[in-house]
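Participant: Below is upload_17.txt; it holds compact mmCIF, C-alpha atoms.
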# COMPACT_ATOMS: atom_id res chain seq x y z
CA MET A 874 122.18 77.09 47.40
CA LYS A 875 121.33 74.05 49.52
CA ILE A 876 124.70 72.55 48.60
CA LEU A 877 126.52 75.67 49.75
CA GLN A 878 124.54 75.77 53.04
CA THR A 879 125.25 72.10 53.68
CA GLU A 880 128.95 72.53 52.99
CA PHE A 881 129.01 75.63 55.22
CA PHE A 882 127.48 73.84 58.24
CA LYS A 883 129.75 70.84 57.69
CA LYS A 884 132.73 73.10 58.20
CA ILE A 885 131.41 74.24 61.62
CA PRO A 886 132.55 71.84 64.35
CA PHE A 887 129.81 70.22 66.44
CA LYS A 888 131.51 71.49 69.59
CA THR A 889 131.14 75.08 68.39
CA ILE A 890 127.42 74.68 67.74
CA SER A 891 126.92 72.98 71.11
CA PHE A 892 128.90 75.67 72.94
CA SER A 893 126.89 78.45 71.23
CA ALA A 894 123.59 76.80 72.15
CA VAL A 895 124.63 76.26 75.77
CA ASN A 896 125.97 79.81 76.01
CA ALA A 897 122.70 81.24 74.67
CA PHE A 898 120.69 79.16 77.15
CA VAL A 899 122.89 80.24 80.08
CA MET A 900 122.61 83.92 79.05
CA LEU A 901 118.83 83.57 78.87
CA VAL A 902 118.68 82.02 82.34
CA LEU A 903 120.95 84.72 83.77
CA SER A 904 118.84 87.45 82.15
CA LEU A 905 115.65 86.02 83.63
CA TYR A 906 117.34 85.77 87.03
CA TRP A 907 118.54 89.37 86.72
CA LEU A 908 115.02 90.53 85.93
CA SER A 909 113.63 88.52 88.85
CA LEU A 910 115.72 90.45 91.38
CA PRO A 911 113.76 93.19 93.21
CA ARG A 912 116.50 95.80 92.72
CA THR A 913 116.95 97.90 89.58
CA PHE A 914 120.62 98.08 88.60
CA GLY A 915 122.14 101.12 86.91
CA ASP A 916 123.05 99.34 83.68
CA GLU A 917 119.64 97.73 83.58
CA ALA A 918 117.84 101.06 84.08
CA PHE A 919 119.92 102.62 81.29
CA PHE A 920 119.12 99.74 78.93
CA VAL A 921 115.38 99.74 79.72
CA LYS A 922 115.18 103.52 79.43
CA TRP A 923 116.63 103.68 75.93
CA THR A 924 114.86 100.60 74.59
CA ASN A 925 111.56 102.09 75.82
CA LEU A 926 112.34 105.40 74.15
CA VAL A 927 113.14 103.69 70.85
CA LYS A 928 110.02 101.49 71.08
CA LYS A 929 107.70 104.41 71.82
CA ALA A 930 109.29 106.66 69.19
CA PHE A 931 109.43 104.25 66.25
CA ILE A 932 107.43 101.09 66.98
CA THR A 933 104.50 101.64 69.34
CA PRO A 934 104.02 105.30 70.31
CA LYS A 935 102.83 105.78 73.88
CA LYS A 936 99.08 106.27 74.07
CA LYS A 937 98.06 109.34 76.01
CA ILE A 938 95.44 108.88 78.72
CA ASN A 939 92.63 111.41 78.90
CA PRO A 940 93.15 113.49 82.08
CA GLU A 941 89.38 113.42 82.62
CA SER A 942 89.43 109.61 82.91
CA VAL A 943 91.21 109.57 86.30
CA LEU A 944 90.28 111.48 89.46
CA TYR A 945 93.04 112.02 92.02
CA VAL A 946 91.89 113.03 95.50
CA ASP A 947 94.34 114.24 98.15
CA ILE A 948 93.19 113.06 101.59
CA ALA A 949 96.37 114.07 103.45
CA ASN A 950 94.77 117.04 105.22
CA SER A 951 91.45 115.39 106.11
CA LYS A 952 92.31 114.18 109.60
CA GLU A 953 90.70 113.17 112.87
CA ILE A 954 92.28 112.40 116.24
CA SER A 955 92.13 108.79 117.41
CA GLU A 956 93.18 107.33 120.76
CA THR A 957 95.87 104.64 120.41
CA ILE A 958 97.30 101.90 122.59
CA ASP A 959 100.09 102.72 125.00
CA PRO A 960 102.99 100.52 123.78
CA PHE A 961 104.25 100.01 127.35
CA TYR A 962 100.95 98.91 128.94
CA GLU A 963 99.54 97.49 125.68
CA GLU A 964 96.20 99.17 126.33
CA LYS A 965 94.55 102.55 125.88
CA THR A 966 95.47 104.97 128.68
CA GLY A 967 94.03 108.21 127.25
CA TYR A 968 97.45 109.80 126.80
CA TYR A 969 98.33 108.38 123.38
CA THR A 970 96.63 109.79 120.29
CA THR A 971 97.36 109.90 116.57
CA ALA A 972 96.01 111.72 113.53
CA ILE A 973 94.31 109.39 111.04
CA THR A 974 92.26 109.85 107.88
CA ASN A 975 88.82 111.23 108.65
CA ARG A 976 86.59 108.17 108.27
CA SER A 977 83.37 110.21 108.24
CA ASP A 978 84.55 112.40 105.33
CA LEU A 979 85.73 109.32 103.46
CA ALA A 980 82.36 107.63 103.98
CA THR A 981 80.59 110.72 102.64
CA PHE A 982 82.88 110.72 99.60
CA LEU A 983 82.05 107.07 98.89
CA SER A 984 78.34 107.75 99.23
CA TYR A 985 78.57 110.47 96.55
CA ILE A 986 80.42 108.10 94.21
CA LYS A 987 77.81 105.41 94.82
CA LYS A 988 74.96 107.82 94.07
CA TYR A 989 76.35 109.71 91.07
CA GLY A 990 79.17 107.54 89.65
CA SER A 991 78.92 105.26 86.64
CA ASP A 992 81.22 102.75 84.93
CA ILE A 993 84.06 103.30 87.42
CA PRO A 994 86.65 100.52 86.92
CA ILE A 995 88.19 100.76 90.40
CA LEU A 996 88.68 103.01 93.42
CA ILE A 997 92.12 102.77 95.04
CA LEU A 998 92.50 103.94 98.64
CA ASP A 999 96.25 104.25 99.00
CA LEU A 1000 96.20 104.18 102.79
CA ASP A 1001 96.00 101.60 105.54
CA PHE A 1002 93.30 101.27 108.18
CA GLU A 1003 95.32 99.96 111.12
CA GLN A 1004 94.19 102.55 113.69
CA PRO A 1005 90.53 102.27 114.80
CA SER A 1006 88.12 105.20 114.86
CA PRO A 1007 84.64 105.82 116.31
CA ASN A 1008 83.45 106.31 112.71
CA ASP A 1009 84.67 102.91 111.49
CA SER A 1010 81.15 101.48 111.35
CA LEU A 1011 80.05 104.39 109.16
CA LEU A 1012 82.91 103.86 106.71
CA GLN A 1013 82.51 100.07 106.79
CA ALA A 1014 78.85 100.38 105.83
CA ALA A 1015 79.80 102.66 102.91
CA ILE A 1016 82.43 100.17 101.71
CA ASP A 1017 80.15 97.15 102.08
CA SER A 1018 77.48 98.81 99.90
CA PHE A 1019 79.96 100.27 97.38
CA PRO A 1020 78.93 99.18 93.85
CA PHE A 1021 82.37 99.48 92.20
CA PRO A 1022 85.61 97.53 92.80
CA ILE A 1023 87.57 99.00 95.70
CA VAL A 1024 90.99 98.16 97.15
CA GLY A 1025 92.99 99.59 100.06
CA GLY A 1026 96.61 99.65 101.11
CA GLU A 1027 98.37 97.50 103.67
CA ARG A 1028 101.75 97.91 105.33
CA LEU A 1029 104.54 95.46 104.70
CA TYR A 1030 105.35 95.54 108.40
CA LYS A 1031 102.49 96.40 110.73
CA ARG A 1032 102.98 98.75 113.66
CA LEU A 1033 101.73 96.22 116.19
CA PRO A 1034 102.01 92.41 116.04
CA ASN A 1035 98.83 90.62 114.93
CA ASN A 1036 97.20 94.00 114.30
CA GLU A 1037 94.39 93.52 111.78
CA ASN A 1038 92.99 96.40 109.77
CA ALA A 1039 90.10 98.19 111.46
CA ILE A 1040 88.27 98.31 108.11
CA ARG A 1041 87.50 95.16 106.14
CA LEU A 1042 88.19 95.36 102.39
CA ARG A 1043 90.48 93.88 99.76
CA THR A 1044 94.01 95.10 100.36
CA GLY A 1045 97.46 94.87 98.81
CA ILE A 1046 100.92 95.64 100.12
CA ALA A 1047 101.71 99.32 99.45
CA SER A 1048 105.45 99.40 100.14
CA TYR A 1049 107.32 100.81 97.17
CA GLN A 1050 110.89 101.91 96.72
CA SER A 1051 111.07 105.71 96.47
CA THR A 1052 113.37 107.05 93.77
CA ASN A 1053 113.49 109.58 90.96
CA ASP A 1054 114.18 106.78 88.49
CA LEU A 1055 110.91 105.95 86.72
CA PHE A 1056 112.15 102.56 85.54
CA LEU A 1057 111.47 100.59 88.69
CA LYS A 1058 110.67 96.95 89.25
CA TYR A 1059 107.39 96.40 91.03
CA PRO A 1060 107.26 93.07 92.89
CA LEU A 1061 104.00 91.20 92.42
CA PHE A 1062 104.41 89.49 95.80
CA LEU A 1063 106.20 90.52 98.97
CA GLN A 1064 107.17 88.33 101.90
CA ASN A 1065 106.77 85.32 99.59
CA ASP A 1066 102.99 85.25 99.14
CA ARG A 1067 101.46 88.63 100.06
CA PRO A 1068 100.18 90.35 96.85
CA SER A 1069 101.12 93.96 96.12
CA LEU A 1070 98.53 96.70 95.69
CA PRO A 1071 98.98 96.99 91.88
CA LEU A 1072 98.49 93.22 91.52
CA VAL A 1073 95.26 93.21 93.54
CA ALA A 1074 93.97 96.28 91.67
CA MET A 1075 94.75 94.67 88.31
CA SER A 1076 92.98 91.46 89.29
CA LEU A 1077 89.84 93.36 90.34
CA VAL A 1078 89.70 95.44 87.16
CA ASN A 1079 90.36 92.56 84.76
CA HIS A 1080 88.72 89.77 86.84
CA ALA A 1081 92.08 88.01 86.78
CA THR A 1082 93.36 85.22 89.01
CA TYR A 1083 96.88 85.02 90.38
CA LYS A 1084 99.05 82.78 92.52
CA LYS A 1085 102.62 82.83 93.74
CA GLY A 1086 103.78 79.68 91.99
CA TRP A 1087 106.83 77.60 92.82
CA LEU A 1088 109.36 79.39 90.62
CA LEU A 1089 107.48 82.25 88.95
CA PRO A 1090 104.04 83.80 89.63
CA HIS A 1091 101.04 82.98 87.45
CA ILE A 1092 98.40 85.46 86.25
CA ASN A 1093 95.37 83.86 84.63
CA GLN A 1094 97.35 80.60 84.61
CA LYS A 1095 100.14 82.21 82.55
CA ILE A 1096 103.72 82.64 83.76
CA SER A 1097 104.75 86.19 84.66
CA LEU A 1098 107.94 87.88 85.81
CA ALA A 1099 108.12 88.20 89.59
CA ASN A 1100 109.36 91.80 89.44
CA PRO A 1101 108.17 93.36 86.18
CA ILE A 1102 109.31 96.81 85.08
CA ILE A 1103 106.20 98.94 84.84
CA ASP A 1104 105.55 101.03 81.75
CA PHE A 1105 104.03 104.01 83.55
CA LYS A 1106 101.01 105.53 81.84
CA ILE A 1107 100.94 108.50 84.23
CA ASN A 1108 104.10 110.04 85.71
CA PRO A 1109 104.41 112.37 88.72
CA ASN A 1110 105.03 115.36 86.45
CA ASN A 1111 101.60 114.72 84.88
CA LEU A 1112 99.86 115.61 88.17
CA ASN A 1113 98.59 119.12 88.84
CA ASN A 1114 97.52 120.45 92.25
CA GLY A 1115 96.33 123.76 90.81
CA THR A 1116 99.71 125.46 90.39
CA SER A 1117 100.12 124.65 86.69
CA ALA A 1118 98.29 126.13 83.71
CA ASP A 1119 98.79 122.97 81.65
CA LYS A 1120 95.33 121.59 80.85
CA ASN A 1121 96.73 118.21 79.78
CA THR A 1122 97.65 117.30 83.36
CA PHE A 1123 95.71 115.25 85.91
CA SER A 1124 94.08 117.41 88.57
CA VAL A 1125 94.67 116.57 92.24
CA ARG A 1126 91.79 117.83 94.38
CA PRO A 1127 91.75 117.94 98.20
CA LEU A 1128 89.00 115.80 99.72
CA ALA A 1129 87.69 118.60 101.95
CA THR A 1130 87.43 120.97 98.97
CA ILE A 1131 85.54 118.40 96.91
CA LEU A 1132 83.04 117.70 99.69
CA TYR A 1133 82.45 121.44 100.22
CA GLU A 1134 81.85 121.99 96.52
CA TRP A 1135 79.52 119.02 96.25
CA GLU A 1136 77.47 119.99 99.30
CA GLU A 1137 77.39 123.79 98.90
CA ILE A 1138 78.20 124.83 95.31
CA TRP A 1139 77.80 122.16 92.63
CA ASP A 1140 74.48 120.83 91.42
CA GLU A 1141 73.79 117.14 90.80
CA ASP A 1142 74.49 117.30 87.06
CA PHE A 1143 78.04 118.64 87.64
CA ILE A 1144 78.77 115.93 90.21
CA ARG A 1145 77.39 113.22 87.94
CA GLN A 1146 79.49 114.53 85.02
CA LEU A 1147 82.68 114.43 87.12
CA LEU A 1148 82.03 110.91 88.39
Will you turn the file into structure tokens for me?
Facilitator:
Amino acid sequence: MKILQTEFFKKIPFKTISFSAVNAFVMLVLSLYWLSLPRTFGDEAFFVKWTNLVKKAFITPKKKINPESVLYVDIANSKEISETIDPFYEEKTGYYTTAITNRSDLATFLSYIKKYGSDIPILILDLDFEQPSPNDSLLQAAIDSFPFPIVGGERLYKRLPNNENAIRLRTGIASYQSTNDLFLKYPLFLQNDRPSLPLVAMSLVNHATYKKGWLLPHINQKISLANPIIDFKINPNNLNNGTSADKNTFSVRPLATILYEWEEIWDEDFIRQLL
């Protein structure tokens, strides 16, 4: 057998072997470059979609997450009016206002989690705190004393130059491409060195370190793709705002409704069980 293998490789020209090796290396480099691009191409999405389906069907079936392990809270309708800066005079004139998230309600929500919550891996506030509010000190005190990891959102491009967030907390860039295609690349860094919200959240949960790196980013001193394709554990069709009878979905509860129930209806054992 060894004689046949030796004779077989002797018949293959050295140039052919060299060309095959170089071609394989070039294809590998091009594939890595393709994956590093922030855009998801049609052929790439098709390939990733079907390879994921095959992997989950025959190799590693997708593990289902218990809907009771994640609490989604809709804060879209909990608003307060805040006076903003007149862009022409660059100062407050009393004629410019905007609706922002109610900081007092959010502070109350955090105080309930602090009092009744246990073993919470992370709280993600998917909103920015650019506009100030009279209740900022109340919310800041609740965040400073919060016992669990917490991270907030930050805009890729701020409304005003040199405008710092009114609330101080760990933040990540929350600018994502909106599409119906679930096979999206999520950049770890934007504008060269600003970490994205998923990266900051992951680092807080897993106590991981990260840095941009010269060519590719590093997570816990290991090389990572710059724009990985996320294997979503929870999809939008898994969310339920009360209009579906499917019990295997993740409930989305309005913040105002939760606070009313906790203050007027529920007892402490129910709140503690939820959190």
Participant: Neighbouring residues of range 982-995 of chain A were defined as those with any atom within 8 Å, considering all atoms listed in the file; residues of the same chain fewer than 5 positions away were excluded. Please report them as a PyMOL selection string.
Facilitator: chain A and resi 1015-1016+1019-1024+1074+1077-1078+1128+1132+1141+1144-1145+1148
Participant: Report the distance between CA of Val895 in chain A and CA of Val921 in chain A in Å, rounded to one decimal place.
Facilitator: 25.5 Å
Participant: Using Å and a single decimal, report how far CA of Ala1014 in chain A sits from CA of Leu1042 in chain A.
Facilitator: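 Atom-to-atom, CA of Leu1042 in chain A and CA of Ala1014 in chain A are spaced 11.1 Å apart.
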Participant: What does the distance between CA of Asn1108 in chain A and CA of Ala1047 in chain A come to in Å, to one decimal place?
Facilitator: 17.6 Å
Participant: May I have a table of the residues of range 907-985 of chain A lying at most 9 Å from range 1120-1123 of chain A, giving each one's closest pair of atoms and their distance in Å to one decimal, counting only C-alpha atoms, ordered by chain and ascending residue number, as a tab-separated table?
Facilitator:
residue	atom	partner	partner_atom	distance
A:Asn939	CA	A:Asn1121	CA	8.0
A:Pro940	CA	A:Phe1123	CA	4.9
A:Glu941	CA	A:Phe1123	CA	7.4
A:Ser942	CA	A:Phe1123	CA	9.0
A:Val943	CA	A:Phe1123	CA	7.3
A:Leu944	CA	A:Phe1123	CA	7.5
A:Tyr945	CA	A:Phe1123	CA	7.4
Participant: Counting only C-alpha atoms, what is within 12 Å of Leu1000 in chain A, bar same-chain residues fewer than 3 positions away, as a PDB file with C-alpha atoms, keeping the file's coordinate frame?
Facilitator:
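The file below, result-v1.pdb, is the result:
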ATOM      1  CA  ASP A 947      94.340 114.240  98.150  1.00  0.00           C
ATOM      2  CA  ILE A 948      93.190 113.060 101.590  1.00  0.00           C
ATOM      3  CA  ALA A 949      96.370 114.070 103.450  1.00  0.00           C
ATOM      4  CA  ILE A 973      94.310 109.390 111.040  1.00  0.00           C
ATOM      5  CA  THR A 974      92.260 109.850 107.880  1.00  0.00           C
ATOM      6  CA  ASN A 975      88.820 111.230 108.650  1.00  0.00           C
ATOM      7  CA  ARG A 976      86.590 108.170 108.270  1.00  0.00           C
ATOM      8  CA  LEU A 979      85.730 109.320 103.460  1.00  0.00           C
ATOM      9  CA  ILE A 997      92.120 102.770  95.040  1.00  0.00           C
ATOM     10  CA  GLU A1003      95.320  99.960 111.120  1.00  0.00           C
ATOM     11  CA  GLN A1004      94.190 102.550 113.690  1.00  0.00           C
ATOM     12  CA  VAL A1024      90.990  98.160  97.150  1.00  0.00           C
ATOM     13  CA  GLY A1025      92.990  99.590 100.060  1.00  0.00           C
ATOM     14  CA  GLY A1026      96.610  99.650 101.110  1.00  0.00           C
ATOM     15  CA  GLU A1027      98.370  97.500 103.670  1.00  0.00           C
ATOM     16  CA  ARG A1028     101.750  97.910 105.330  1.00  0.00           C
ATOM     17  CA  ASN A1038      92.990  96.400 109.770  1.00  0.00           C
ATOM     18  CA  ILE A1040      88.270  98.310 108.110  1.00  0.00           C
ATOM     19  CA  LEU A1042      88.190  95.360 102.390  1.00  0.00           C
ATOM     20  CA  THR A1044      94.010  95.100 100.360  1.00  0.00           C
ATOM     21  CA  GLY A1045      97.460  94.870  98.810  1.00  0.00           C
ATOM     22  CA  ILE A1046     100.920  95.640 100.120  1.00  0.00           C
ATOM     23  CA  ALA A1047     101.710  99.320  99.450  1.00  0.00           C
ATOM     24  CA  SER A1048     105.450  99.400 100.140  1.00  0.00           C
ATOM     25  CA  LEU A1070      98.530  96.700  95.690  1.00  0.00           C
TER      26      LEU A1070
END
Participant: Find, counting all atoms listed in the file, the residue in A:Pro1060, A:Asp978, A:Asn1065, A:Asp1104 that gets nearest to Trp1087 in chain A.
Facilitator: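 Using all atoms listed in the file, the shortest distance to Trp1087 in chain A belongs to A:Asn1065.
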Participant: Which is closer to Leu908 in chain A than all the others in A:Lys922, A:Lys888, A:His1091, A:Lys1058, using all atoms listed in the file?
Facilitator: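 Among the listed residues, the smallest separation from Leu908 in chain A belongs to A:Lys1058.
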Participant: For Lys952 in chain A, which residue among A:Ser1006, A:Thr1082, A:Thr933, A:Asn1100 is the nearest when counting only C-alpha atoms?
Facilitator: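 For Lys952 in chain A, the nearest of the given residues is A:Ser1006.
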Participant: Point out the residue among A:Ala972, A:Ala918, A:Leu905, A:Leu998 with the least atom-to-atom distance to Glu953 in chain A, counting only C-alpha atoms.
Facilitator: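 So, comparing all the options, the nearest one is A:Ala972.
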Participant: Neighbouring residues of Leu1098 in chain A were defined as those with any atom within 8 Å, considering all atoms listed in the file; residues of the same chain fewer than 2 positions away were excluded. Please report them as a VMD selection string.
Facilitator: chain A and resid 908 to 909 1089 to 1090 1096 1100 to 1101
Participant: For Phe919 in chain A, which of A:Leu1057, A:Leu996, A:Leu1012, A:Ile890 is the closest residue, counting only C-alpha atoms?
Facilitator: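 Checking each of A:Leu1057, A:Leu996, A:Leu1012, A:Ile890 against Phe919 in chain A, counting only C-alpha atoms, the winner is A:Leu1057.
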